[in-house]
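Dumped start29.txt below, it's compact mmCIF, C-alpha atoms:
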```
# COMPACT_ATOMS: atom_id res chain seq x y z
CA MET H 74 39.66 144.40 108.71
CA SER H 75 40.69 148.05 108.84
CA VAL H 76 43.37 149.16 106.42
CA ASP H 77 45.11 150.97 109.31
CA VAL H 78 46.00 147.69 110.98
CA PRO H 79 49.68 147.46 111.96
CA ARG H 80 51.46 144.66 110.14
CA ARG H 81 54.92 143.14 110.19
CA ILE H 82 57.11 141.76 107.45
CA VAL H 83 59.90 139.52 108.67
CA LEU H 84 62.65 138.88 106.12
CA LEU H 85 64.89 135.90 106.83
CA ARG H 86 67.83 135.18 104.57
CA HIS H 87 68.44 131.43 104.34
CA ALA H 88 71.25 130.00 106.47
CA LYS H 89 74.77 129.32 105.16
CA ALA H 90 74.70 126.84 102.27
CA ASP H 91 77.24 124.30 101.14
CA TRP H 92 78.70 124.20 97.60
CA PRO H 93 78.46 120.56 96.46
CA GLN H 94 78.28 119.60 92.80
CA VAL H 95 74.53 120.18 92.45
CA SER H 96 72.43 122.88 90.83
CA ASP H 97 72.21 126.15 92.75
CA HIS H 98 68.55 125.46 93.59
CA ASP H 99 69.51 122.12 95.17
CA ARG H 100 72.33 123.36 97.42
CA PRO H 101 71.88 122.10 101.03
CA LEU H 102 72.86 123.87 104.23
CA ALA H 103 76.43 123.78 105.44
CA ASP H 104 77.25 122.79 109.02
CA ARG H 105 77.32 126.47 110.05
CA GLY H 106 73.88 126.96 108.48
CA ARG H 107 72.46 124.04 110.46
CA LYS H 108 73.81 125.68 113.64
CA ASP H 109 72.71 129.26 112.82
CA ALA H 110 69.13 128.55 111.69
CA PRO H 111 67.78 127.38 115.09
CA VAL H 112 69.52 130.36 116.73
CA ALA H 113 67.62 132.64 114.35
CA GLY H 114 64.39 130.90 115.36
CA ARG H 115 65.16 131.42 119.02
CA TRP H 116 65.85 135.11 118.38
CA LEU H 117 62.48 135.45 116.64
CA ALA H 118 60.70 133.75 119.54
CA GLY H 119 62.53 135.88 122.10
CA ALA H 120 61.68 139.05 120.18
CA GLY H 121 57.99 138.10 120.20
CA VAL H 122 57.86 137.68 116.43
CA SER H 123 55.10 135.24 115.56
CA PRO H 124 54.29 135.12 111.86
CA GLU H 125 50.91 133.84 110.72
CA LEU H 126 52.11 133.07 107.20
CA THR H 127 55.55 132.14 105.92
CA LEU H 128 56.40 132.33 102.25
CA CYS H 129 59.49 130.18 101.76
CA SER H 130 61.62 129.77 98.65
CA THR H 131 61.56 126.31 97.13
CA ALA H 132 65.39 126.17 97.10
CA VAL H 133 66.71 123.36 99.28
CA ARG H 134 68.76 125.71 101.50
CA ALA H 135 65.71 127.92 102.19
CA ARG H 136 63.44 124.96 102.97
CA GLU H 137 66.07 123.43 105.28
CA THR H 138 66.50 126.79 107.02
CA TRP H 139 62.75 127.09 107.60
CA LYS H 140 62.54 123.52 108.92
CA LEU H 141 65.16 124.41 111.56
CA VAL H 142 63.67 127.82 112.43
CA ALA H 143 59.98 126.85 112.69
CA PRO H 144 60.26 124.48 115.71
CA GLU H 145 61.80 127.31 117.74
CA LEU H 146 58.71 129.51 117.30
CA PRO H 147 55.88 129.44 119.85
CA GLN H 148 53.43 128.55 117.09
CA ARG H 149 54.12 127.23 113.60
CA PRO H 150 52.62 129.50 110.95
CA ARG H 151 50.96 128.39 107.76
CA THR H 152 53.75 127.82 105.24
CA VAL H 153 53.62 128.26 101.48
CA TYR H 154 56.62 127.13 99.44
CA GLU H 155 56.79 129.77 96.74
CA GLU H 156 58.81 129.13 93.56
CA ARG H 157 58.79 132.83 92.69
CA LEU H 158 61.01 133.64 95.69
CA TYR H 159 64.00 131.88 94.13
CA GLU H 160 66.05 134.53 92.26
CA ALA H 161 63.25 137.08 92.75
CA SER H 162 63.91 140.70 91.86
CA LEU H 163 62.89 143.55 94.13
CA GLY H 164 59.80 144.20 92.02
CA GLU H 165 58.80 140.53 92.14
CA LEU H 166 59.19 140.48 95.93
CA ILE H 167 57.02 143.57 96.37
CA ALA H 168 54.43 141.98 94.05
CA LEU H 169 54.40 138.84 96.25
CA VAL H 170 53.85 140.95 99.37
CA ASN H 171 51.05 142.83 97.61
CA GLU H 172 49.27 139.48 96.98
CA VAL H 173 49.07 138.50 100.68
CA ASP H 174 45.55 138.24 102.09
CA ASP H 175 44.70 141.14 104.39
CA GLU H 176 43.65 138.74 107.16
CA VAL H 177 47.39 138.10 107.68
CA ARG H 178 48.99 140.60 110.05
CA ASN H 179 52.46 139.08 110.38
CA LEU H 180 54.23 137.78 107.28
CA MET H 181 57.59 136.03 107.08
CA ILE H 182 59.58 135.58 103.90
CA VAL H 183 62.45 133.07 103.79
CA GLY H 184 64.50 133.97 100.77
CA HIS H 185 67.80 134.89 99.22
CA ASN H 186 70.16 137.77 98.72
CA PRO H 187 70.32 140.14 97.02
CA GLY H 188 66.50 140.13 97.08
CA VAL H 189 65.77 140.15 100.82
CA HIS H 190 68.33 142.88 101.47
CA ALA H 191 66.99 144.96 98.57
CA LEU H 192 63.42 144.52 99.83
CA ALA H 193 64.28 145.51 103.41
CA ASP H 194 66.27 148.52 102.22
CA ALA H 195 63.59 149.65 99.74
CA LEU H 196 60.68 149.35 102.16
CA ALA H 197 62.46 151.02 105.10
CA GLY H 198 61.51 154.68 104.92
CA ASP H 199 62.47 154.95 108.58
CA ALA H 200 64.38 152.86 111.11
CA GLU H 201 64.58 152.41 114.85
CA GLY H 202 67.99 153.09 116.35
CA ASP H 203 70.95 152.06 114.21
CA SER H 204 69.19 149.05 112.64
CA LEU H 205 69.33 150.37 109.06
CA ALA H 206 73.01 151.29 109.31
CA ARG H 207 73.83 147.87 110.82
CA MET H 208 71.85 146.06 108.13
CA ASN H 209 73.55 147.92 105.29
CA ARG H 210 77.01 147.73 106.85
CA SER H 211 76.69 143.97 107.34
CA GLY H 212 75.57 143.20 103.78
CA TYR H 213 72.72 141.08 105.22
CA PRO H 214 74.61 137.85 106.05
CA THR H 215 73.07 134.39 105.95
CA SER H 216 70.50 133.70 108.72
CA SER H 217 69.98 137.45 109.23
CA ILE H 218 66.54 138.85 109.98
CA ALA H 219 64.92 142.21 109.30
CA VAL H 220 61.62 143.05 110.99
CA LEU H 221 59.64 145.81 109.27
CA SER H 222 56.46 147.47 110.52
CA VAL H 223 53.86 148.74 108.06
CA THR H 224 50.39 150.19 108.41
CA GLY H 225 47.72 149.58 105.82
CA ASP H 226 46.81 146.72 103.57
CA TRP H 227 49.32 144.51 101.78
CA LYS H 228 48.42 145.98 98.39
CA SER H 229 49.72 149.37 99.56
CA VAL H 230 53.21 148.10 100.48
CA GLU H 231 55.74 149.95 98.34
CA HIS H 232 59.08 151.75 98.61
CA GLY H 233 59.54 153.73 101.82
CA VAL H 234 56.31 152.77 103.64
CA ALA H 235 57.86 150.67 106.43
CA THR H 236 59.88 151.21 109.56
CA LEU H 237 62.80 148.86 110.09
CA ALA H 238 62.00 147.88 113.67
CA ALA H 239 64.89 145.44 114.13
CA PHE H 240 67.81 143.84 112.36
CA TRP H 241 69.53 140.76 113.76
CA SER H 242 72.41 138.66 112.53
CA PRO H 243 73.89 135.57 114.19
CA HIS H 244 77.30 137.05 113.44
CA GLU H 245 76.56 140.00 115.76
CA ALA H 246 75.12 137.81 118.54
```
Rewrite the structure of this file - the entire thing - as structure tokens.
Amino acid sequence: MSVDVPRRIVLLRHAKADWPQVSDHDRPLADRGRKDAPVAGRWLAGAGVSPELTLCSTAVRARETWKLVAPELPQRPRTVYEERLYEASLGELIALVNEVDDEVRNLMIVGHNPGVHALADALAGDAEGDSLARMNRSGYPTSSIAVLSVTGDWKSVEHGVATLAAFWSPHEA
């Protein structure tokens, strides 16, 4: 595969979680999260976003989000539940992207803030329309999605190499 192949990184912040008396990793979705997650999936499908691989945090709220988003997509991608996404730093997230097999053209990450917002902001050297301003103004709410376009192999993904093609939040819809 040519290294000049266009690729997409889709960053989905998990849906709104509840705060029961459990560990942070085990927090389930709140009612609003269970409503917002399928809406996010429908937005992805309507925008023509079809990931081939999804890396999903092992946290309960991220897994529940993905289980509500995936059925809305035209085709379910291969899913890897990745422990390193929980509480991942920006550097750790970039390292995970750099590990993706170059056969994958469209990658989705289901993760947490502040990591997904930091990753979208760091990678976006350019943006279409007002997407970057909207993303940063919003603070990247739960169930929000950033779609970034990159050219090259996954190992070359670093600060400033992507274009933020779209930002969507259920709170703007």
For Val173 (chain H), work out the shell of residues within 10 Å, counting all atoms listed in the file and skipping chain neighbours fewer than 4 positions away, then give it as a JSON list (two decimals) with C-alpha atoms, keeping the file's coordinate frame.
```
[["chain", "number", "residue", "atom", "x", "y", "z"],
["H", 126, "LEU", "CA", 52.11, 133.07, 107.20],
["H", 128, "LEU", "CA", 56.40, 132.33, 102.25],
["H", 168, "ALA", "CA", 54.43, 141.98, 94.05],
["H", 169, "LEU", "CA", 54.40, 138.84, 96.25],
["H", 177, "VAL", "CA", 47.39, 138.10, 107.68],
["H", 178, "ARG", "CA", 48.99, 140.60, 110.05],
["H", 180, "LEU", "CA", 54.23, 137.78, 107.28],
["H", 226, "ASP", "CA", 46.81, 146.72, 103.57],
["H", 227, "TRP", "CA", 49.32, 144.51, 101.78],
["H", 228, "LYS", "CA", 48.42, 145.98, 98.39]]
```
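If all atoms listed in the file are the atoms counted, then among H:Ala238, H:Val230, H:Ala191, H:Val95 the closest residue to Val133 (chain H) is H:Val95.
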What gap, in Å, lies between CA of Val112 (chain H) and CA of Thr215 (chain H)?
12.0 Å
Residues within 12 Å of Lys140 (chain H), all atoms listed in the file, excluding chain neighbours under 5 positions, as a ChimeraX atom specification:
/H:87-88,102,106-107,110-111,113-114,127,129,133-135,145-146,149-150,152,154,183
Out of H:Ala235, H:Ala143, H:Val78, H:Ala103, which residue has the shortest atom-to-atom distance to Met181 (chain H) when counting all atoms listed in the file?
H:Ala143
Pairwise distance, CA of Pro147 (chain H) with CA of Ser216 (chain H), equals 18.9 Å
Between CA of Glu160 (chain H) and CA of Ser123 (chain H), what distance in Å does the model show, to one decimal?
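Going from CA of Glu160 (chain H) over to CA of Ser123 (chain H) covers 25.8 Å.
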Shell around Ala193 (chain H) at 8 Å using all atoms listed in the file, local window under 6 positions removed, as a list in words
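Residues meeting the cut-off are Leu84, Ala219, Leu221 and Leu237 of chain H.
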For Asn179 (chain H), please output as a list in words all residues within 8 Å (counting all atoms listed in the file; exclusion window: fewer than 6 positions along the same chain).
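Residues meeting the cut-off are Arg80, Arg81, Ile82, Val83, Ser123, Pro124, Glu125 and Leu126 of chain H.
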